[in-house]
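Text of protein_25.txt, listed as compact mmCIF, C-alpha atoms:
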# COMPACT_ATOMS: atom_id res chain seq x y z
CA MET A 29 72.10 -56.27 33.24
CA ASP A 30 71.93 -55.44 29.54
CA ASP A 31 68.52 -57.05 29.28
CA ARG A 32 67.16 -54.85 32.05
CA LEU A 33 68.56 -51.78 30.37
CA ASN A 34 67.02 -52.73 27.07
CA LYS A 35 63.61 -53.35 28.65
CA ARG A 36 63.82 -50.01 30.46
CA SER A 37 64.62 -48.21 27.20
CA VAL A 38 61.63 -49.84 25.50
CA PHE A 39 59.26 -48.75 28.27
CA GLU A 40 60.65 -45.19 28.25
CA ARG A 41 60.14 -44.95 24.48
CA ALA A 42 56.56 -46.27 24.86
CA ASP A 43 55.80 -43.79 27.64
CA HIS A 44 57.26 -41.00 25.51
CA ARG A 45 54.97 -41.92 22.57
CA LEU A 46 51.89 -42.00 24.83
CA GLY A 47 52.77 -38.60 26.35
CA ALA A 48 53.29 -37.03 22.91
CA GLY A 49 49.73 -37.87 21.64
CA PHE A 50 46.12 -36.73 22.54
CA THR A 51 43.60 -38.70 24.47
CA MET A 52 40.08 -39.23 23.09
CA VAL A 53 38.64 -36.87 25.74
CA GLU A 54 41.02 -34.13 24.69
CA VAL A 55 40.11 -34.57 21.02
CA VAL A 56 36.37 -34.45 21.69
CA THR A 57 36.75 -31.39 23.92
CA ALA A 58 38.79 -29.61 21.25
CA LEU A 59 36.19 -30.40 18.59
CA ALA A 60 33.38 -29.12 20.83
CA ILE A 61 35.21 -25.84 21.44
CA LEU A 62 35.89 -25.49 17.71
CA ALA A 63 32.23 -26.16 16.86
CA LEU A 64 31.02 -23.62 19.43
CA ALA A 65 33.42 -20.98 18.12
CA SER A 66 32.42 -21.72 14.53
CA SER A 67 28.69 -21.47 15.30
CA SER A 68 29.22 -18.09 16.98
CA VAL A 69 31.14 -16.84 13.97
CA LEU A 70 28.44 -18.12 11.61
CA LEU A 71 25.73 -16.42 13.71
CA VAL A 72 27.58 -13.11 13.56
CA ILE A 73 28.06 -13.49 9.80
CA ASP A 74 24.36 -14.32 9.34
CA ARG A 75 23.31 -11.23 11.30
CA CYS A 76 25.69 -9.06 9.32
CA LEU A 77 24.28 -10.39 6.06
CA ALA A 78 20.69 -9.80 7.24
CA SER A 79 21.55 -6.26 8.35
CA ALA A 80 23.24 -5.55 5.02
CA SER A 81 20.21 -6.92 3.16
CA ASP A 82 17.80 -4.76 5.22
CA SER A 83 19.94 -1.68 4.65
CA ALA A 84 20.01 -2.33 0.91
CA LEU A 85 16.20 -2.75 0.82
CA ARG A 86 15.71 0.43 2.81
CA MET A 87 17.95 2.39 0.45
CA GLU A 88 16.05 1.00 -2.54
CA ALA A 89 12.73 1.97 -0.93
CA PHE A 90 14.03 5.47 -0.18
CA ASP A 91 15.28 5.80 -3.76
CA LEU A 92 11.83 4.82 -5.08
CA VAL A 93 10.00 7.23 -2.76
CA ARG A 94 12.37 10.07 -3.70
CA GLU A 95 11.81 9.46 -7.42
CA ASN A 96 8.02 9.50 -6.99
CA LEU A 97 8.16 12.75 -5.02
CA GLU A 98 10.42 14.38 -7.60
CA LYS A 99 7.93 13.47 -10.34
CA ILE A 100 5.17 15.25 -8.43
CA LEU A 101 7.27 18.35 -7.79
CA ALA A 102 8.14 18.53 -11.50
CA ARG A 103 4.46 18.86 -12.48
CA ASP A 104 2.89 22.18 -13.41
CA SER A 105 -0.26 21.35 -11.42
CA VAL A 106 -1.58 18.61 -9.13
CA ALA A 107 -4.97 17.23 -8.16
CA GLU A 108 -6.11 15.10 -5.25
CA SER A 109 -5.32 11.48 -6.07
CA ILE A 110 -4.12 8.13 -4.76
CA ASP A 111 -1.75 6.02 -6.87
CA TYR A 112 -0.11 2.75 -5.91
CA GLY A 113 1.70 -0.21 -7.42
CA THR A 114 4.78 -2.43 -7.33
CA SER A 115 8.14 -1.15 -8.48
CA GLU A 116 9.44 -2.53 -11.77
CA LYS A 117 12.98 -1.68 -10.73
CA TYR A 118 12.60 -3.20 -7.25
CA PRO A 119 9.97 -5.99 -7.46
CA ASP A 120 10.04 -6.63 -3.70
CA ILE A 121 8.88 -3.09 -2.94
CA SER A 122 5.34 -1.69 -3.25
CA TRP A 123 4.65 2.06 -3.32
CA GLN A 124 1.84 4.52 -2.76
CA THR A 125 1.55 8.22 -3.61
CA VAL A 126 -1.19 10.39 -2.09
CA ILE A 127 -1.89 14.00 -3.04
CA GLU A 128 -4.39 15.48 -0.63
CA GLY A 129 -5.69 18.65 0.89
CA PHE A 130 -5.34 18.98 4.65
CA SER A 131 -5.90 21.54 7.35
CA GLU A 132 -2.79 22.76 9.15
CA PRO A 133 -3.61 22.09 12.83
CA ILE A 134 -2.53 25.42 14.35
CA THR A 135 -4.20 27.92 12.00
CA SER A 136 -6.55 25.51 10.14
CA GLN A 137 -5.18 26.92 6.89
CA MET A 138 -5.70 24.54 3.96
CA TRP A 139 -2.64 23.11 2.20
CA VAL A 140 -1.93 20.54 -0.49
CA ARG A 141 0.66 17.94 0.38
CA ALA A 142 2.20 14.89 -1.25
CA VAL A 143 2.76 11.74 0.81
CA CYS A 144 5.00 9.22 -0.92
CA SER A 145 5.65 5.87 0.76
CA ALA A 146 7.14 2.46 0.01
CA ASP A 147 6.64 -0.86 1.85
CA TYR A 148 8.84 -3.95 1.99
CA LEU A 149 9.45 -7.02 4.13
CA ASP A 150 12.71 -7.14 6.05
CA SER A 151 14.85 -10.21 6.77
CA LYS A 152 12.58 -11.11 9.72
CA GLY A 153 9.46 -10.98 7.54
CA GLU A 154 8.24 -7.79 9.23
CA LYS A 155 6.67 -4.99 7.18
CA GLN A 156 8.74 -1.82 6.99
CA LYS A 157 7.81 1.58 5.53
CA VAL A 158 9.74 4.54 4.16
CA GLU A 159 7.74 7.77 3.82
CA LEU A 160 8.42 11.29 2.58
CA VAL A 161 5.93 14.14 3.05
CA HIS A 162 6.13 17.45 1.20
CA TRP A 163 3.82 20.45 1.69
CA ILE A 164 3.31 21.64 -1.88
CA ALA A 165 1.29 24.85 -1.58
CA GLU A 166 -0.95 26.88 0.69
CA LEU A 167 -4.48 27.19 -0.70
CA SER A 168 -6.65 30.25 -0.99
CA ASP A 169 -10.25 29.97 0.21
CA GLN A 170 -11.44 29.55 -3.36
CA GLN A 171 -8.89 26.84 -4.12
CA ALA A 172 -9.72 25.03 -0.89
CA GLY A 173 -13.38 25.03 -1.82
CA GLN A 174 -12.58 23.52 -5.20
CA LEU A 175 -11.16 20.44 -3.50
CA VAL A 176 -14.63 19.37 -2.46
CA ASN A 177 -16.16 16.68 -4.61
CA GLN A 178 -18.86 17.98 -6.99
CA GLN A 179 -21.33 15.37 -5.76
CA ASP A 180 -20.76 16.51 -2.19
CA LEU A 181 -21.41 20.11 -3.27
CA GLU A 182 -24.68 19.14 -4.97
CA LYS A 183 -25.79 17.19 -1.91
CA LEU A 184 -24.87 20.06 0.40
CA GLU A 185 -26.75 22.52 -1.82
CA MET A 186 -29.90 20.39 -1.67
CA GLU A 187 -29.65 20.20 2.12
CA GLN A 188 -28.80 23.85 2.74
CA VAL A 189 -30.30 26.19 0.14
CA MET A 190 -33.77 27.73 0.57
CA LYS A 191 -34.72 30.06 -2.27
CA THR A 192 -37.77 31.86 -0.82
CA ASP A 193 -38.52 33.91 2.27
CA GLU A 194 -41.45 31.68 3.11
CA GLU A 195 -39.35 28.51 3.06
CA ALA A 196 -36.65 30.11 5.22
CA ALA A 197 -39.22 31.51 7.69
CA GLN A 198 -40.87 28.10 7.99
CA TYR A 199 -37.50 26.46 8.72
CA ALA A 200 -36.73 29.10 11.37
CA ASN A 201 -40.23 28.72 12.83
CA THR A 202 -40.89 32.43 12.45
CA ASP A 203 -42.57 34.83 10.00
CA THR A 204 -41.23 36.69 6.97
CA ASP A 205 -41.27 40.05 8.77
CA THR A 206 -38.99 38.68 11.50
CA LEU A 207 -36.83 37.14 8.82
CA ARG A 208 -36.41 40.58 7.21
CA LYS A 209 -35.34 41.99 10.57
CA TRP A 210 -32.74 39.25 10.80
CA ILE A 211 -31.41 40.26 7.39
CA GLU A 212 -31.14 43.86 8.56
CA ALA A 213 -29.33 42.60 11.68
CA GLY A 214 -26.72 40.79 9.60
CA LEU A 215 -28.18 37.50 8.35
CA VAL A 216 -26.04 36.57 5.33
CA GLN A 217 -27.69 35.48 2.08
CA THR A 218 -26.11 34.02 -1.05
CA ALA A 219 -25.29 36.16 -4.07
CA ASP A 220 -28.66 35.31 -5.66
CA GLY A 221 -30.63 36.09 -2.49
CA ALA A 222 -31.14 32.53 -1.26
CA PHE A 223 -30.89 31.44 2.37
CA LEU A 224 -28.59 28.82 3.91
CA ARG A 225 -29.70 26.70 6.83
CA TYR A 226 -26.24 27.10 8.32
CA ASN A 227 -26.65 30.89 8.55
CA LEU A 228 -30.23 30.62 9.77
CA ASP A 229 -29.07 28.30 12.56
CA VAL A 230 -26.79 31.08 13.82
CA PHE A 231 -29.79 33.40 14.29
CA ILE A 232 -32.04 30.63 15.61
CA ARG A 233 -29.57 29.78 18.38
CA GLY A 234 -29.03 33.47 19.08
CA LYS A 235 -32.81 34.05 19.21
CA GLY A 236 -32.52 36.65 16.49
CA ASN A 237 -29.66 38.51 18.15
CA PRO A 238 -26.42 36.54 17.81
CA THR A 239 -23.10 37.94 18.99
CA PRO A 240 -20.64 39.47 16.47
CA GLU A 241 -18.48 36.35 16.84
CA GLU A 242 -21.43 34.14 15.96
CA LYS A 243 -22.35 36.32 12.98
CA ALA A 244 -18.77 36.00 11.72
CA GLU A 245 -19.28 32.24 11.42
CA GLN A 246 -21.72 32.71 8.52
CA VAL A 247 -20.81 31.88 4.92
CA GLU A 248 -21.81 33.45 1.61
CA SER A 249 -22.09 30.36 -0.59
CA VAL A 250 -22.42 26.59 -0.56
CA GLN A 251 -18.82 26.33 -1.70
CA ASP A 252 -17.65 28.48 1.21
CA LEU A 253 -19.67 26.27 3.55
CA ALA A 254 -18.13 23.12 2.07
CA MET A 255 -14.67 24.55 2.60
CA LYS A 256 -15.51 25.56 6.17
CA LEU A 257 -16.87 22.11 6.96
CA ARG A 258 -13.79 20.51 5.46
CA LYS A 259 -11.55 22.59 7.69
CA GLN A 260 -13.63 21.77 10.75
CA GLN A 261 -13.64 18.06 9.98
CA LYS A 262 -9.87 18.13 9.54
CA GLU A 263 -9.55 19.93 12.85
CA LEU A 264 -11.61 17.26 14.59
CA GLU A 265 -9.67 14.48 12.84
CA SER A 266 -6.36 16.03 13.90
CA GLY A 267 -7.71 16.15 17.44
CA ALA A 268 -8.39 12.44 17.25
CA SER A 269 -4.84 11.81 16.01
CA GLU A 270 -3.35 13.91 18.80
CA ALA A 271 -5.37 11.88 21.30
CA GLY A 272 -3.76 8.71 19.96
CA GLY A 273 -6.85 7.05 18.53
CA GLU A 274 -9.43 7.13 15.79
CA LYS A 275 -12.08 8.78 17.99
CA GLY A 276 -10.11 11.07 20.28
CA ALA A 277 -11.75 13.66 22.50
CA THR A 278 -14.96 13.89 20.44
CA GLY A 279 -15.82 10.22 20.97
CA LEU A 280 -16.65 9.93 17.26
CA SER A 281 -14.89 8.21 14.38
CA ASN A 282 -14.00 10.02 11.14
CA GLN A 283 -16.82 8.14 9.38
CA GLU A 284 -19.31 9.40 11.98
CA LEU A 285 -18.01 12.95 11.59
CA GLU A 286 -18.57 12.82 7.83
CA LYS A 287 -22.25 11.94 8.35
CA MET A 288 -22.95 14.87 10.69
CA ASP A 289 -24.75 17.99 9.51
CA PRO A 290 -22.94 21.37 9.45
CA SER A 291 -24.41 22.71 12.70
CA GLN A 292 -23.39 19.58 14.63
CA ILE A 293 -19.85 19.79 13.29
CA ARG A 294 -19.64 23.45 14.23
CA ASP A 295 -20.87 22.76 17.75
CA LEU A 296 -18.27 20.00 18.14
CA VAL A 297 -15.50 22.32 16.98
CA ASN A 298 -16.62 25.08 19.34
CA ARG A 299 -16.73 22.69 22.30
CA ARG A 300 -13.26 21.41 21.46
CA ARG A 301 -11.87 24.95 21.25
CA GLN A 302 -13.34 25.73 24.66
What does this structure look like when you write it as structure tokens?
Amino acid sequence: MDDRLNKRSVFERADHRLGAGFTMVEVVTALAILALASSSVLLVIDRCLASASDSALRMEAFDLVRENLEKILARDSVAESIDYGTSEKYPDISWQTVIEGFSEPITSQMWVRAVCSADYLDSKGEKQKVELVHWIAELSDQQAGQLVNQQDLEKLEMEQVMKTDEEAAQYANTDTDTLRKWIEAGLVQTADGAFLRYNLDVFIRGKGNPTPEEKAEQVESVQDLAMKLRKQQKELESGASEAGGEKGATGLSNQELEKMDPSQIRDLVNRRRQ
């Protein structure tokens, strides 16, 4: 009897020890759950670190752009220019500063603006940009004309200016007497009495009797013509941008527009306005 009791007690203690422990399956399952939870936590931490790094880079880029813009605004005068480089303070960030003249799209009034930007690579290796644009000043007609490159002015003068009545009459395929009648009817000459092809084209298309609106398109100097062409080119370029492409409604690229003569540009602008 005592032996049976003792054996029973031994088995009960053994069963109790087995019930108090973990099986191999339970241990492996627990480790798998722990690993899964840990990987999720690590993924969240990694994303948080990447987001924090991107935010820090963006703030550094903004700080650099703001400093460059403040330097421009502190100047007494500005000129058209393009500057670029890599920041000494933030070596991972490159910057560019553009000072340019542009035509305001609604009124075609010329302005000078500063465009300051900074580029960097984010945590995914994708290029990101921070940009600030400031309209510095509205330009008078004279100031707008001064933005044109001197070489462009000289080239335009060679293409446009005719100093004698005979030369102008030959270009217009008429005689000097008819040319004088055109002058009396409102053909504009330069201050020194020269003729511009641009103005002659107005009377040629109007067969010697252009409308008041057409006469108003004439200019008094090569510089005025350069300014007018610049405005018209900007207007066409802005039209291309609004259309969502480099060519836009005109079907021409900016490089093709730059190669066109004044009358072709004017005709394009008039068609676009219609």
Completion exercise
Counting all atoms listed in the file, the residue among A:Lys157, A:Met255, A:Tyr226, A:Trp210 that lies closest to Met87 of chain A is A:Lys157
Practice task
Determine, counting only C-alpha atoms, which protein, DNA and RNA residues have an atom within 8 Å of an atom of Val140 of chain A; residues of the same chain fewer than 4 positions away are not included. Present the result as a ChimeraX atom specification.
Solution key: /A:127-130,163-167
Practice task
Grab the atom CA of Met190 of chain A to atom CA of Gly214 of chain A distance for me, in Å with one decimal place.
Solution key: 17.4 Å
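For the pair atom CA of Gln156 of chain A and atom CA of Glu98 of chain A, the interatomic distance is 21.9 Å.
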Exercise for the section: Could you check which of A:Gln217, A:Leu85, A:Leu207, A:Ala102 is closest to Lys155 of chain A, using all atoms listed in the file? Expected result: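 Smallest separation from Lys155 of chain A among the options: A:Leu85.
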Problem - Atomic separation - atom CA of Glu248 of chain A relative to atom CA of Asn227 of chain A, Å - result: 8.8 Å
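Considering the residues A:Arg233, A:Asp205, A:Ser151, A:Asp180 and counting all atoms listed in the file, Cys76 of chain A has its shortest atom-to-atom contact with A:Ser151.
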Output requested as an mmCIF file, keeping the file's coordinate frame - segment 189-205 of chain A, filled out with N, CA and C atoms.
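This went into result.cif:
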data_model
loop_
_atom_site.group_PDB
_atom_site.id
_atom_site.type_symbol
_atom_site.label_atom_id
_atom_site.label_comp_id
_atom_site.auth_asym_id
_atom_site.auth_seq_id
_atom_site.Cartn_x
_atom_site.Cartn_y
_atom_site.Cartn_z
ATOM 1 N N VAL A 189 -29.771 25.006 0.825
ATOM 2 C CA VAL A 189 -30.300 26.190 0.140
ATOM 3 C C VAL A 189 -31.821 26.248 0.215
ATOM 4 N N MET A 190 -32.333 27.420 0.603
ATOM 5 C CA MET A 190 -33.770 27.730 0.570
ATOM 6 C C MET A 190 -33.934 29.016 -0.223
ATOM 7 N N LYS A 191 -34.688 28.959 -1.303
ATOM 8 C CA LYS A 191 -34.720 30.060 -2.270
ATOM 9 C C LYS A 191 -35.737 31.144 -1.931
ATOM 10 N N THR A 192 -36.730 30.859 -1.103
ATOM 11 C CA THR A 192 -37.770 31.860 -0.820
ATOM 12 C C THR A 192 -37.800 32.245 0.645
ATOM 13 N N ASP A 193 -38.371 33.442 0.895
ATOM 14 C CA ASP A 193 -38.520 33.910 2.270
ATOM 15 C C ASP A 193 -39.427 32.990 3.069
ATOM 16 N N GLU A 194 -40.487 32.529 2.423
ATOM 17 C CA GLU A 194 -41.450 31.680 3.110
ATOM 18 C C GLU A 194 -40.810 30.377 3.584
ATOM 19 N N GLU A 195 -40.014 29.768 2.711
ATOM 20 C CA GLU A 195 -39.350 28.510 3.060
ATOM 21 C C GLU A 195 -38.384 28.711 4.216
ATOM 22 N N ALA A 196 -37.611 29.828 4.162
ATOM 23 C CA ALA A 196 -36.650 30.110 5.220
ATOM 24 C C ALA A 196 -37.354 30.413 6.536
ATOM 25 N N ALA A 197 -38.477 31.171 6.476
ATOM 26 C CA ALA A 197 -39.220 31.510 7.690
ATOM 27 C C ALA A 197 -39.822 30.252 8.318
ATOM 28 N N GLN A 198 -40.303 29.346 7.476
ATOM 29 C CA GLN A 198 -40.870 28.100 7.990
ATOM 30 C C GLN A 198 -39.790 27.274 8.691
ATOM 31 N N TYR A 199 -38.596 27.217 8.098
ATOM 32 C CA TYR A 199 -37.500 26.460 8.720
ATOM 33 C C TYR A 199 -37.127 27.073 10.071
ATOM 34 N N ALA A 200 -37.119 28.420 10.128
ATOM 35 C CA ALA A 200 -36.730 29.100 11.370
ATOM 36 C C ALA A 200 -37.881 29.195 12.360
ATOM 37 N N ASN A 201 -39.057 28.690 11.968
ATOM 38 C CA ASN A 201 -40.230 28.720 12.830
ATOM 39 C C ASN A 201 -40.558 30.160 13.229
ATOM 40 N N THR A 202 -40.558 31.036 12.234
ATOM 41 C CA THR A 202 -40.890 32.430 12.450
ATOM 42 C C THR A 202 -41.670 32.943 11.252
ATOM 43 N N ASP A 203 -41.861 34.258 11.143
ATOM 44 C CA ASP A 203 -42.570 34.830 10.000
ATOM 45 C C ASP A 203 -41.619 35.614 9.132
ATOM 46 N N THR A 204 -42.098 36.002 7.930
ATOM 47 C CA THR A 204 -41.230 36.690 6.970
ATOM 48 C C THR A 204 -40.805 38.069 7.465
ATOM 49 N N ASP A 205 -41.658 38.738 8.243
ATOM 50 C CA ASP A 205 -41.270 40.050 8.770
ATOM 51 C C ASP A 205 -40.080 39.925 9.715
#
